[in-house]
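With PDB, C-alpha atoms and all ligand atoms inside, this is model-v2.pdb:
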```
ATOM      1  CA  MET A  25      36.086  54.663  76.271
ATOM      2  CA  LYS A  26      38.078  57.915  76.341
ATOM      3  CA  PRO A  27      41.760  57.426  75.437
ATOM      4  CA  PRO A  28      43.918  57.683  78.600
ATOM      5  CA  ILE A  29      46.555  60.408  78.448
ATOM      6  CA  ILE A  30      48.942  62.227  80.765
ATOM      7  CA  ILE A  31      49.083  66.018  80.869
ATOM      8  CA  THR A  32      52.573  67.022  82.001
ATOM      9  CA  SER A  33      51.568  70.127  83.980
ATOM     10  CA  ARG A  34      48.844  72.749  84.060
ATOM     11  CA  GLY A  35      48.928  74.960  80.940
ATOM     12  CA  HIS A  36      46.447  77.145  79.061
ATOM     13  CA  ALA A  37      43.207  76.729  81.043
ATOM     14  CA  PRO A  38      40.654  76.345  78.187
ATOM     15  CA  THR A  39      42.909  73.733  76.547
ATOM     16  CA  MET A  40      43.230  71.886  79.871
ATOM     17  CA  ALA A  41      39.431  71.806  80.166
ATOM     18  CA  ALA A  42      39.047  70.509  76.590
ATOM     19  CA  LEU A  43      41.748  67.850  77.108
ATOM     20  CA  GLN A  44      40.100  66.713  80.328
ATOM     21  CA  SER A  45      36.678  66.429  78.702
ATOM     22  CA  GLU A  46      37.835  64.574  75.575
ATOM     23  CA  PHE A  47      40.433  62.282  77.156
ATOM     24  CA  ASP A  48      40.836  60.344  80.369
ATOM     25  CA  ALA A  49      43.519  62.807  81.464
ATOM     26  CA  ARG A  50      45.702  62.822  84.582
ATOM     27  CA  ILE A  51      48.184  65.569  85.491
ATOM     28  CA  LEU A  52      51.735  64.381  86.161
ATOM     29  CA  SER A  53      52.951  67.503  87.996
ATOM     30  CA  GLU A  54      50.154  67.059  90.543
ATOM     31  CA  ALA A  55      50.997  63.442  91.387
ATOM     32  CA  ARG A  56      51.886  63.083  95.077
ATOM     33  CA  ASP A  57      54.127  60.115  94.272
ATOM     34  CA  ARG A  58      55.474  60.373  90.717
ATOM     35  CA  GLU A  59      56.777  56.783  90.568
ATOM     36  CA  ALA A  60      53.475  55.331  91.812
ATOM     37  CA  PHE A  61      51.517  57.565  89.415
ATOM     38  CA  LEU A  62      53.559  56.334  86.447
ATOM     39  CA  ARG A  63      53.341  52.691  87.593
ATOM     40  CA  GLU A  64      49.561  52.964  87.804
ATOM     41  CA  LEU A  65      49.214  54.479  84.318
ATOM     42  CA  ALA A  66      51.960  52.486  82.564
ATOM     43  CA  PRO A  67      49.628  49.706  81.305
ATOM     44  CA  THR A  68      47.197  52.111  79.612
ATOM     45  CA  VAL A  69      48.620  55.535  78.710
ATOM     46  CA  ARG A  70      49.225  55.992  74.966
ATOM     47  CA  GLY A  71      49.571  59.763  74.825
ATOM     48  CA  ILE A  72      51.092  62.771  76.555
ATOM     49  CA  ALA A  73      49.809  66.318  76.185
ATOM     50  CA  SER A  74      52.850  68.412  77.051
ATOM     51  CA  PHE A  75      53.177  71.966  78.300
ATOM     52  CA  ALA A  76      56.620  73.567  78.689
ATOM     53  CA  PRO A  77      58.806  73.614  80.659
ATOM     54  CA  MET A  78      58.450  70.124  82.183
ATOM     55  CA  PRO A  79      61.184  68.001  80.546
ATOM     56  CA  ILE A  80      60.267  64.762  78.791
ATOM     57  CA  ASP A  81      63.207  62.384  78.505
ATOM     58  CA  GLY A  82      63.849  58.711  77.748
ATOM     59  CA  LYS A  83      63.332  57.805  81.410
ATOM     60  CA  LEU A  84      59.761  59.118  81.383
ATOM     61  CA  MET A  85      59.140  57.480  77.992
ATOM     62  CA  ASP A  86      60.410  54.140  79.341
ATOM     63  CA  ALA A  87      58.084  54.428  82.338
ATOM     64  CA  LEU A  88      55.177  54.469  79.845
ATOM     65  CA  PRO A  89      55.734  51.465  77.558
ATOM     66  CA  LYS A  90      52.459  51.991  75.644
ATOM     67  CA  LEU A  91      53.320  55.629  74.824
ATOM     68  CA  GLU A  92      52.747  56.409  71.121
ATOM     69  CA  ILE A  93      52.490  60.187  70.916
ATOM     70  CA  ILE A  94      53.620  63.375  72.690
ATOM     71  CA  SER A  95      51.512  66.320  71.582
ATOM     72  CA  ASN A  96      53.118  69.606  72.595
ATOM     73  CA  PHE A  97      51.412  72.943  73.197
ATOM     74  CA  GLY A  98      53.831  75.324  71.439
ATOM     75  CA  VAL A  99      56.014  75.292  68.372
ATOM     76  CA  GLY A 100      59.248  74.910  70.352
ATOM     77  CA  VAL A 101      59.826  71.355  71.548
ATOM     78  CA  ASP A 102      63.196  71.846  73.228
ATOM     79  CA  GLN A 103      61.970  70.425  76.544
ATOM     80  CA  ILE A 104      61.345  67.074  74.804
ATOM     81  CA  ASN A 105      64.279  64.778  74.050
ATOM     82  CA  LEU A 106      63.571  64.204  70.358
ATOM     83  CA  ASP A 107      66.335  61.616  69.893
ATOM     84  CA  ASP A 108      64.897  59.544  72.735
ATOM     85  CA  ALA A 109      61.422  59.774  71.166
ATOM     86  CA  LYS A 110      62.723  58.861  67.703
ATOM     87  CA  LYS A 111      64.624  55.827  69.044
ATOM     88  CA  ARG A 112      61.443  54.549  70.652
ATOM     89  CA  GLY A 113      59.221  55.280  67.638
ATOM     90  CA  ILE A 114      57.193  57.823  69.606
ATOM     91  CA  ILE A 115      55.540  60.565  67.522
ATOM     92  CA  VAL A 116      56.126  64.158  68.646
ATOM     93  CA  THR A 117      53.838  66.947  67.409
ATOM     94  CA  ASN A 118      53.835  70.721  67.910
ATOM     95  CA  THR A 119      51.658  73.730  67.054
ATOM     96  CA  PRO A 120      53.345  75.636  64.208
ATOM     97  CA  ASP A 121      51.841  78.256  61.858
ATOM     98  CA  VAL A 122      48.883  79.247  64.047
ATOM     99  CA  LEU A 123      51.184  81.461  66.128
ATOM    100  CA  ASN A 124      53.279  83.031  63.347
ATOM    101  CA  GLU A 125      51.439  86.354  63.201
ATOM    102  CA  CYS A 126      51.350  86.910  66.971
ATOM    103  CA  VAL A 127      54.977  85.982  67.509
ATOM    104  CA  ALA A 128      55.960  88.239  64.597
ATOM    105  CA  ASP A 129      53.964  91.088  66.171
ATOM    106  CA  THR A 130      55.921  90.580  69.392
ATOM    107  CA  ALA A 131      59.200  90.489  67.479
ATOM    108  CA  LEU A 132      58.432  93.743  65.683
ATOM    109  CA  ALA A 133      57.266  95.345  68.926
ATOM    110  CA  LEU A 134      60.633  94.449  70.468
ATOM    111  CA  VAL A 135      62.494  95.972  67.514
ATOM    112  CA  LEU A 136      60.534  99.231  67.742
ATOM    113  CA  ASN A 137      60.563  99.394  71.528
ATOM    114  CA  THR A 138      64.256  98.611  71.815
ATOM    115  CA  VAL A 139      65.530 100.906  69.082
ATOM    116  CA  ARG A 140      63.099 103.777  69.722
ATOM    117  CA  LYS A 141      63.031 103.242  73.531
ATOM    118  CA  PHE A 142      59.259 103.722  73.711
ATOM    119  CA  PRO A 143      58.842 101.984  77.117
ATOM    120  CA  GLN A 144      61.690 104.067  78.583
ATOM    121  CA  SER A 145      60.199 107.273  77.165
ATOM    122  CA  GLU A 146      56.841 106.398  78.681
ATOM    123  CA  GLN A 147      58.494 105.834  82.066
ATOM    124  CA  TYR A 148      60.110 109.254  81.649
ATOM    125  CA  LEU A 149      56.691 110.862  81.166
ATOM    126  CA  ARG A 150      55.103 108.948  84.056
ATOM    127  CA  ALA A 151      57.927 110.004  86.365
ATOM    128  CA  GLY A 152      57.096 113.648  85.631
ATOM    129  CA  ASN A 153      60.354 114.238  83.803
ATOM    130  CA  TRP A 154      58.850 115.667  80.601
ATOM    131  CA  ALA A 155      57.593 118.800  82.340
ATOM    132  CA  ALA A 156      60.502 118.944  84.795
ATOM    133  CA  ARG A 157      63.433 118.253  82.493
ATOM    134  CA  GLY A 158      62.212 118.730  78.932
ATOM    135  CA  PRO A 159      61.920 116.396  75.946
ATOM    136  CA  TYR A 160      63.053 112.783  76.082
ATOM    137  CA  PRO A 161      66.482 112.317  74.413
ATOM    138  CA  LEU A 162      66.501 111.493  70.701
ATOM    139  CA  THR A 163      66.688 107.810  69.746
ATOM    140  CA  THR A 164      67.535 105.920  66.531
ATOM    141  CA  SER A 165      65.441 105.432  63.353
ATOM    142  CA  VAL A 166      64.346 101.955  62.301
ATOM    143  CA  GLY A 167      63.672 102.787  58.621
ATOM    144  CA  GLY A 168      66.678 102.137  56.385
ATOM    145  CA  LYS A 169      68.335  99.860  58.963
ATOM    146  CA  THR A 170      69.150  96.207  58.330
ATOM    147  CA  LEU A 171      67.417  93.405  60.219
ATOM    148  CA  GLY A 172      69.485  90.237  60.279
ATOM    149  CA  ILE A 173      67.299  87.202  60.910
ATOM    150  CA  LEU A 174      68.967  84.179  62.449
ATOM    151  CA  GLY A 175      66.503  81.423  61.560
ATOM    152  CA  LEU A 176      64.437  82.473  58.550
ATOM    153  CA  GLY A 177      61.702  79.876  58.972
ATOM    154  CA  ARG A 178      57.933  80.203  59.121
ATOM    155  CA  ILE A 179      57.992  82.841  61.871
ATOM    156  CA  GLY A 180      61.091  84.579  60.492
ATOM    157  CA  GLU A 181      59.391  85.089  57.098
ATOM    158  CA  VAL A 182      56.419  86.810  58.757
ATOM    159  CA  ILE A 183      58.746  89.007  60.838
ATOM    160  CA  ALA A 184      60.599  89.969  57.642
ATOM    161  CA  LYS A 185      57.365  91.193  56.015
ATOM    162  CA  ARG A 186      56.580  93.408  58.992
ATOM    163  CA  ALA A 187      60.115  94.788  59.110
ATOM    164  CA  VAL A 188      60.018  95.569  55.363
ATOM    165  CA  ALA A 189      56.786  97.506  55.986
ATOM    166  CA  CYS A 190      58.817  99.625  58.460
ATOM    167  CA  GLY A 191      61.413 100.337  55.753
ATOM    168  CA  MET A 192      64.001  97.840  57.006
ATOM    169  CA  LYS A 193      66.299  95.763  54.801
ATOM    170  CA  ILE A 194      66.483  92.021  55.499
ATOM    171  CA  ARG A 195      69.400  89.562  55.537
ATOM    172  CA  TYR A 196      69.490  86.100  57.096
ATOM    173  CA  HIS A 197      71.475  83.088  58.133
ATOM    174  CA  ASN A 198      70.118  79.520  58.268
ATOM    175  CA  ARG A 199      72.040  76.273  58.325
ATOM    176  CA  ASN A 200      70.927  75.840  54.709
ATOM    177  CA  ARG A 201      70.447  78.632  52.228
ATOM    178  CA  LYS A 202      66.810  79.172  51.160
ATOM    179  CA  GLU A 203      64.997  80.010  47.942
ATOM    180  CA  THR A 204      64.563  83.686  48.728
ATOM    181  CA  ASP A 205      65.743  87.053  47.457
ATOM    182  CA  TYR A 206      66.971  88.093  50.913
ATOM    183  CA  PRO A 207      70.795  88.171  51.049
ATOM    184  CA  TYR A 208      72.381  85.202  52.837
ATOM    185  CA  ASP A 209      75.271  85.328  55.295
ATOM    186  CA  PRO A 210      77.318  82.170  55.849
ATOM    187  CA  ASP A 211      77.457  82.330  59.652
ATOM    188  CA  PRO A 212      76.007  84.224  62.646
ATOM    189  CA  VAL A 213      79.110  86.449  63.059
ATOM    190  CA  THR A 214      78.910  87.690  59.458
ATOM    191  CA  LEU A 215      75.155  88.216  59.808
ATOM    192  CA  ALA A 216      75.730  90.240  63.002
ATOM    193  CA  LYS A 217      78.450  92.303  61.289
ATOM    194  CA  ASN A 218      76.068  93.134  58.415
ATOM    195  CA  SER A 219      73.062  93.916  60.657
ATOM    196  CA  ASP A 220      71.858  96.863  62.714
ATOM    197  CA  VAL A 221      69.358  94.655  64.527
ATOM    198  CA  LEU A 222      69.969  90.927  64.947
ATOM    199  CA  MET A 223      66.733  88.971  65.362
ATOM    200  CA  VAL A 224      67.059  85.490  66.873
ATOM    201  CA  VAL A 225      64.298  83.087  65.789
ATOM    202  CA  THR A 226      66.247  79.839  65.606
ATOM    203  CA  PRO A 227      64.894  76.725  67.382
ATOM    204  CA  ALA A 228      66.730  75.755  70.574
ATOM    205  CA  THR A 229      68.811  72.637  69.899
ATOM    206  CA  ALA A 230      72.176  71.283  71.039
ATOM    207  CA  GLN A 231      73.690  73.003  67.965
ATOM    208  CA  THR A 232      72.184  76.423  68.687
ATOM    209  CA  ALA A 233      72.904  76.517  72.444
ATOM    210  CA  ARG A 234      74.578  79.894  73.247
ATOM    211  CA  ILE A 235      75.044  80.543  69.525
ATOM    212  CA  ILE A 236      74.787  84.249  70.421
ATOM    213  CA  ASN A 237      78.134  84.601  72.159
ATOM    214  CA  ALA A 238      80.807  87.277  72.632
ATOM    215  CA  ALA A 239      82.037  86.932  69.028
ATOM    216  CA  VAL A 240      78.523  87.562  67.636
ATOM    217  CA  LEU A 241      77.942  90.518  69.986
ATOM    218  CA  ASP A 242      81.361  91.991  69.068
ATOM    219  CA  ALA A 243      80.370  91.724  65.403
ATOM    220  CA  LEU A 244      77.051  93.465  66.160
ATOM    221  CA  GLY A 245      79.033  96.240  67.819
ATOM    222  CA  PRO A 246      78.209  99.299  69.930
ATOM    223  CA  ASP A 247      75.541 100.544  67.483
ATOM    224  CA  GLY A 248      73.840  97.149  67.085
ATOM    225  CA  TYR A 249      70.747  95.743  68.789
ATOM    226  CA  LEU A 250      69.852  92.157  69.669
ATOM    227  CA  VAL A 251      66.270  90.851  69.760
ATOM    228  CA  ASN A 252      65.542  87.336  71.041
ATOM    229  CA  ILE A 253      62.127  85.743  70.656
ATOM    230  CA  ALA A 254      63.459  82.166  70.350
ATOM    231  CA  ARG A 255      64.684  80.656  73.610
ATOM    232  CA  GLY A 256      66.953  81.955  76.350
ATOM    233  CA  SER A 257      69.302  79.018  75.817
ATOM    234  CA  VAL A 258      70.426  80.274  72.388
ATOM    235  CA  VAL A 259      72.043  83.330  74.014
ATOM    236  CA  ASP A 260      74.978  83.351  76.439
ATOM    237  CA  GLU A 261      72.950  85.363  78.952
ATOM    238  CA  PRO A 262      75.743  86.404  81.371
ATOM    239  CA  VAL A 263      77.818  87.615  78.401
ATOM    240  CA  LEU A 264      74.840  89.545  76.991
ATOM    241  CA  LEU A 265      74.250  91.154  80.379
ATOM    242  CA  ARG A 266      77.892  92.249  80.557
ATOM    243  CA  TYR A 267      77.783  93.626  76.989
ATOM    244  CA  LEU A 268      74.676  95.662  77.865
ATOM    245  CA  GLN A 269      76.245  96.945  81.107
ATOM    246  CA  GLU A 270      79.439  97.926  79.296
ATOM    247  CA  LYS A 271      77.460  99.354  76.327
ATOM    248  CA  ARG A 272      79.353  97.097  73.952
ATOM    249  CA  ILE A 273      76.071  96.718  72.082
ATOM    250  CA  ALA A 274      73.428  99.456  71.821
ATOM    251  CA  GLY A 275      70.552  97.481  73.296
ATOM    252  CA  ALA A 276      68.555  94.263  73.529
ATOM    253  CA  GLY A 277      64.892  93.307  73.341
ATOM    254  CA  LEU A 278      64.201  90.001  75.065
ATOM    255  CA  ASP A 279      61.034  87.922  75.237
ATOM    256  CA  VAL A 280      62.815  84.802  76.488
ATOM    257  CA  PHE A 281      65.341  84.012  79.207
ATOM    258  CA  ALA A 282      67.624  81.167  80.233
ATOM    259  CA  ASP A 283      65.764  80.244  83.428
ATOM    260  CA  GLU A 284      62.163  81.445  83.041
ATOM    261  CA  PRO A 285      60.350  82.882  84.891
ATOM    262  CA  ARG A 286      63.477  83.949  86.770
ATOM    263  CA  VAL A 287      65.230  86.886  85.091
ATOM    264  CA  PRO A 288      68.566  88.099  86.468
ATOM    265  CA  PRO A 289      67.634  91.323  88.354
ATOM    266  CA  ALA A 290      70.719  93.066  86.954
ATOM    267  CA  PHE A 291      68.722  93.438  83.694
ATOM    268  CA  PHE A 292      66.085  95.509  85.527
ATOM    269  CA  THR A 293      68.505  98.324  86.241
ATOM    270  CA  LEU A 294      69.539  98.789  82.601
ATOM    271  CA  ASP A 295      68.091 101.516  80.382
ATOM    272  CA  ASN A 296      69.246  99.836  77.154
ATOM    273  CA  CYS A 297      67.030  96.758  77.231
ATOM    274  CA  VAL A 298      63.332  96.003  76.885
ATOM    275  CA  LEU A 299      62.111  92.879  78.668
ATOM    276  CA  PHE A 300      58.907  90.952  77.958
ATOM    277  CA  PRO A 301      57.698  87.991  80.097
ATOM    278  CA  HIS A 302      57.610  85.426  77.217
ATOM    279  CA  VAL A 303      54.449  86.830  75.631
ATOM    280  CA  GLY A 304      55.332  85.959  72.007
ATOM    281  CA  SER A 305      52.166  83.967  71.338
ATOM    282  CA  ALA A 306      50.185  85.165  74.353
ATOM    283  CA  THR A 307      46.807  86.215  72.984
ATOM    284  CA  VAL A 308      43.422  84.631  73.642
ATOM    285  CA  GLU A 309      42.968  83.789  69.954
ATOM    286  CA  THR A 310      46.416  82.333  69.330
ATOM    287  CA  ARG A 311      46.561  80.293  72.516
ATOM    288  CA  LYS A 312      43.155  78.818  71.632
ATOM    289  CA  ALA A 313      44.388  77.937  68.144
ATOM    290  CA  MET A 314      47.489  76.303  69.665
ATOM    291  CA  GLY A 315      45.331  74.268  72.044
ATOM    292  CA  ASP A 316      43.009  73.229  69.212
ATOM    293  CA  ARG A 317      46.021  72.028  67.244
ATOM    294  CA  GLN A 318      47.459  70.125  70.214
ATOM    295  CA  ILE A 319      44.135  68.351  70.726
ATOM    296  CA  GLU A 320      43.567  67.722  67.005
ATOM    297  CA  ASN A 321      46.940  65.978  66.757
ATOM    298  CA  LEU A 322      45.962  63.632  69.615
ATOM    299  CA  ARG A 323      42.443  63.119  68.243
ATOM    300  CA  ARG A 324      43.731  62.180  64.800
ATOM    301  CA  HIS A 325      46.356  59.837  66.165
ATOM    302  CA  PHE A 326      43.842  57.961  68.327
ATOM    303  CA  ALA A 327      41.464  57.763  65.311
ATOM    304  CA  GLY A 328      44.249  56.075  63.322
ATOM    305  CA  LYS A 329      44.785  59.090  61.051
ATOM    306  CA  PRO A 330      48.032  60.966  60.333
ATOM    307  CA  VAL A 331      48.680  63.889  62.702
ATOM    308  CA  ILE A 332      48.767  67.455  61.309
ATOM    309  CA  SER A 333      52.107  68.737  62.557
ATOM    310  CA  ARG A 334      54.670  66.058  63.268
ATOM    311  CA  VAL A 335      58.178  66.944  64.449
ATOM    312  CA  VAL A 336      59.559  63.368  64.670
TER     313      VAL A 336
HETATM  314  C1  LIG B   1      54.523  79.586  74.333
HETATM  315  C2  LIG B   1      56.410  79.299  72.656
HETATM  316  O1  LIG B   1      54.773  80.594  75.236
HETATM  317  O2  LIG B   1      55.322  78.068  70.985
HETATM  318  C3  LIG B   1      56.341  78.249  71.620
HETATM  319  O3  LIG B   1      57.368  77.580  71.402
HETATM  320  O4  LIG B   1      57.428  79.630  73.149
HETATM  321  C4  LIG B   1      55.188  80.004  73.078
HETATM  322  O5  LIG B   1      54.264  80.060  72.059
HETATM  323  C5  LIG B   1      54.799  78.292  75.028
HETATM  324  O6  LIG B   1      55.084  77.240  74.223
HETATM  325  C6  LIG B   1      53.590  77.896  75.849
HETATM  326  O7  LIG B   1      53.777  78.026  77.147
END
```
Target encoding structure tokens, full file:
Amino acid sequence: MKPPIIITSRGHAPTMAALQSEFDARILSEARDREAFLRELAPTVRGIASFAPMPIDGKLMDALPKLEIISNFGVGVDQINLDDAKKRGIIVTNTPDVLNECVADTALALVLNTVRKFPQSEQYLRAGNWAARGPYPLTTSVGGKTLGILGLGRIGEVIAKRAVACGMKIRYHNRNRKETDYPYDPDPVTLAKNSDVLMVVTPATAQTARIINAAVLDALGPDGYLVNIARGSVVDEPVLLRYLQEKRIAGAGLDVFADEPRVPPAFFTLDNCVLFPHVGSATVETRKAMGDRQIENLRRHFAGKPVISRVV
């Protein structure tokens, strides 16, 4: 018998197909009556395959008393209440490592595009301005500048390597200092003060909510750039928007937003930001590897073996 699981909502299509062939899978977001759906599955369901952004809280966990594991597609698990899972002895897994290179590529692309304004310069050409008005205005060099990484973890380390290859210097802040030669700053404000580009890679938690606030942006200053590839919730988005409008920082490169896929349209009118639609890990190869990891965690758990990447 195939193990019965719930898929929270439709995600990466090939992973959905694989989940549906290997497990007896039902999709929660497509239930016509959520309460009835959960009542029907409560006696049997032992696993959830989760896709952001559907939240998973204690109420949903309590509706599924046989639930043993939540296997998330993605490294970030901020939509899952980890304390609620821990209290109930429910395992939560994610898909780390397999996406490091792709996310780091996206991060570096945002640094280059934001500081050198490549997308804006391309728009300038497409609009016919090169011939009509002359060369695009000069921008700023990346080489020799300092990249401050907030959250030097697995992805941050890979970003650092790429930035070093571009001639950048690295500094970082983490809650705990690491075994690394990169200089450490004791808090985000000091890191921002010492950085030309501040790269946000920290996981979204209650502690990191809006950690990028007015004080951090003031420390970054009018010549500093912000890049966010973590989660929109770690930045005070209205404050960032105001700082960009008032040119109190030089620019921002954003792959993530507070209320995806809705992005405040005021950003669209600004020339000093580069906006990506959360494409950090969005390649065929990486999304397949993430799906394989999500499924492998479920497979191992149901075979009585330890999972590969456990969060709690
Ligand atoms: C994905 C991500 O876009 O892994 C993460 O935490 O943010 C991205 O890789 C997302 O999880 C899948 O929709």
Go through chain A residue by residue and, counting only C-alpha atoms and all ligand atoms, keep those with an atom at most 7 Å from ligand LIG 1 (chain B); for each kept residue give the shortest atom pair and its distance in Å to one decimal, ordered by chain and increasing number, as a Markdown table.
```
| residue | atom | partner | partner_atom | distance |
| --- | --- | --- | --- | --- |
| A:Gly35 | CA | B:LIG1 | O7 | 6.9 |
| A:Phe75 | CA | B:LIG1 | O7 | 6.2 |
| A:Ala76 | CA | B:LIG1 | O7 | 5.5 |
| A:Phe97 | CA | B:LIG1 | O6 | 5.7 |
| A:Gly98 | CA | B:LIG1 | O2 | 3.2 |
| A:Val99 | CA | B:LIG1 | O2 | 3.9 |
| A:Gly100 | CA | B:LIG1 | O3 | 3.4 |
| A:Val101 | CA | B:LIG1 | O3 | 6.7 |
| A:Thr119 | CA | B:LIG1 | O2 | 6.9 |
| A:Leu123 | CA | B:LIG1 | O5 | 6.8 |
| A:His302 | CA | B:LIG1 | O1 | 5.9 |
| A:Val303 | CA | B:LIG1 | O1 | 6.3 |
| A:Gly304 | CA | B:LIG1 | O5 | 6.0 |
| A:Ser305 | CA | B:LIG1 | O5 | 4.5 |
| A:Ala306 | CA | B:LIG1 | O1 | 6.5 |
```
Proximity of region 140-251 of chain A to region 279-301 of chain A: per-residue shortest pair, 8 Å limit, all atoms listed in the file, as CSV:
```
residue,atom,partner,partner_atom,distance
A:Lys141,CA,A:Asn296,CA,8.0
A:Pro143,CA,A:Val298,CA,7.5
A:Gln144,CA,A:Asp295,CA,7.1
```
Output C-alpha atoms for every residue in that selection, as a PDB file, in the coordinates of the input.
```
ATOM      1  CA  LYS A 141      63.031 103.242  73.531  1.00  0.00           C
ATOM      2  CA  PRO A 143      58.842 101.984  77.117  1.00  0.00           C
ATOM      3  CA  GLN A 144      61.690 104.067  78.583  1.00  0.00           C
TER       4      GLN A 144
END
```
Near-Ser219 (chain A) list (10 Å; only C-alpha atoms; drop same-chain fewer than 3 positions) as a compact mmCIF listing (two decimals) with C-alpha atoms, in the frame of the given file:
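Result written to around.txt:
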```txt
# COMPACT_ATOMS: atom_id res chain seq x y z
CA LYS A 169 68.33 99.86 58.96
CA THR A 170 69.15 96.21 58.33
CA LEU A 171 67.42 93.40 60.22
CA GLY A 172 69.48 90.24 60.28
CA ILE A 173 67.30 87.20 60.91
CA LYS A 193 66.30 95.76 54.80
CA ILE A 194 66.48 92.02 55.50
CA ARG A 195 69.40 89.56 55.54
CA TYR A 196 69.49 86.10 57.10
CA VAL A 213 79.11 86.45 63.06
CA THR A 214 78.91 87.69 59.46
CA LEU A 215 75.16 88.22 59.81
CA ALA A 216 75.73 90.24 63.00
CA LEU A 222 69.97 90.93 64.95
CA MET A 223 66.73 88.97 65.36
CA ALA A 243 80.37 91.72 65.40
CA LEU A 244 77.05 93.46 66.16
CA GLY A 245 79.03 96.24 67.82
CA ASP A 247 75.54 100.54 67.48
CA GLY A 248 73.84 97.15 67.08
CA TYR A 249 70.75 95.74 68.79
CA LEU A 250 69.85 92.16 69.67
```
Apply the PyMOL selection byres (((chain A and resi 311) around 10) and not hetatm) to the file shown and report the selected residues as a list in words.
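This file, filtered by the PyMOL selection byres (((chain A and resi 311) around 10) and not hetatm), leaves His36, Ala37, Pro38, Thr39, Phe97, Gly98, Thr119, Val122, Leu123, Cys126, Ser305, Ala306, Thr307, Val308, Glu309, Thr310, Lys312, Ala313, Met314, Gly315, Asp316 and Arg317 of chain A.
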For the structure shown, which residues end up in the PyMOL selection byres (((chain A and resi 155-163) around 9) and not hetatm)? Put them as a ChimeraX atom specification, please?
/A:139-141,145,148-149,152-154,164-165
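Against this structure, the PyMOL selection byres (((chain A and resi 185) around 12) and not hetatm) ends up with Asn124, Glu125, Ala128, Asp129, Ala131, Leu132, Leu171, Ile173, Leu176, Arg178, Ile179, Gly180, Glu181, Val182, Ile183, Ala184, Arg186, Ala187, Val188, Ala189, Cys190, Gly191, Met192, Lys193, Ile194 and Tyr206 of chain A.
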Edge lengths and centre, in Å to one decimal, as JSON: that's what I need for the box along x, y and z that holds all listed atoms of region 29-43 of chain A plus 4 Å on each side.
```
{"center_x": 45.8, "center_y": 68.8, "center_z": 80.3, "size_x": 21.5, "size_y": 24.7, "size_z": 15.5}
```
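CA of Ile104 (chain A) is positioned 27.9 Å from CA of Leu265 (chain A).
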Name all residues at most 12 Å from Gln44 (chain A) (count all atoms listed in the file; drop same-chain ones fewer than 3 positions away) and give them as a PyMOL selection string.
chain A and resi 26-31+34+37-41+47-51+73+319
Which one is closest to Gly256 (chain A): A:Pro120, A:Pro79, A:Gly277, A:Gly177? Count only C-alpha atoms.
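Residue with the minimum atom-to-atom distance to Gly256 (chain A): A:Gly277.
Among the candidate residues A:Glu261, A:Gln318, A:Arg272, A:His197, the one lying nearest to Ser74 (chain A) is A:Gln318, with distances computed using only C-alpha atoms.
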Please report the interatomic distance between CA of Leu278 (chain A) and CA of Leu134 (chain A) in Å with one decimal.
7.3 Å
Just want the 8 Å neighbourhood of Ile332 (chain A), counted on all atoms listed in the file, with same-chain residues fewer than 2 positions away dropped. Output as a ChimeraX atom specification.
/A:117,317,320-321,330,334
Residues from the last selection, C-alpha atoms, saved as a PDB file, in the coordinates of the input:
```pdb
ATOM      1  CA  THR A 117      53.838  66.947  67.409  1.00  0.00           C
ATOM      2  CA  ARG A 317      46.021  72.028  67.244  1.00  0.00           C
ATOM      3  CA  GLU A 320      43.567  67.722  67.005  1.00  0.00           C
ATOM      4  CA  ASN A 321      46.940  65.978  66.757  1.00  0.00           C
ATOM      5  CA  PRO A 330      48.032  60.966  60.333  1.00  0.00           C
ATOM      6  CA  ARG A 334      54.670  66.058  63.268  1.00  0.00           C
TER       7      ARG A 334
END
```
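Candidate residues A:Lys90, A:Arg323, A:Arg150, A:Lys111 were compared for distance to Pro67 (chain A), and the nearest is A:Lys90, using only C-alpha atoms.
Each of A:Arg58, A:Ala42, A:Gly175, A:Pro262 was checked against Asn200 (chain A) using only C-alpha atoms; the smallest atom-to-atom distance is that of A:Gly175.
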Separation of CA of Thr138 (chain A) from CA of Ala151 (chain A) in Å
19.5 Å
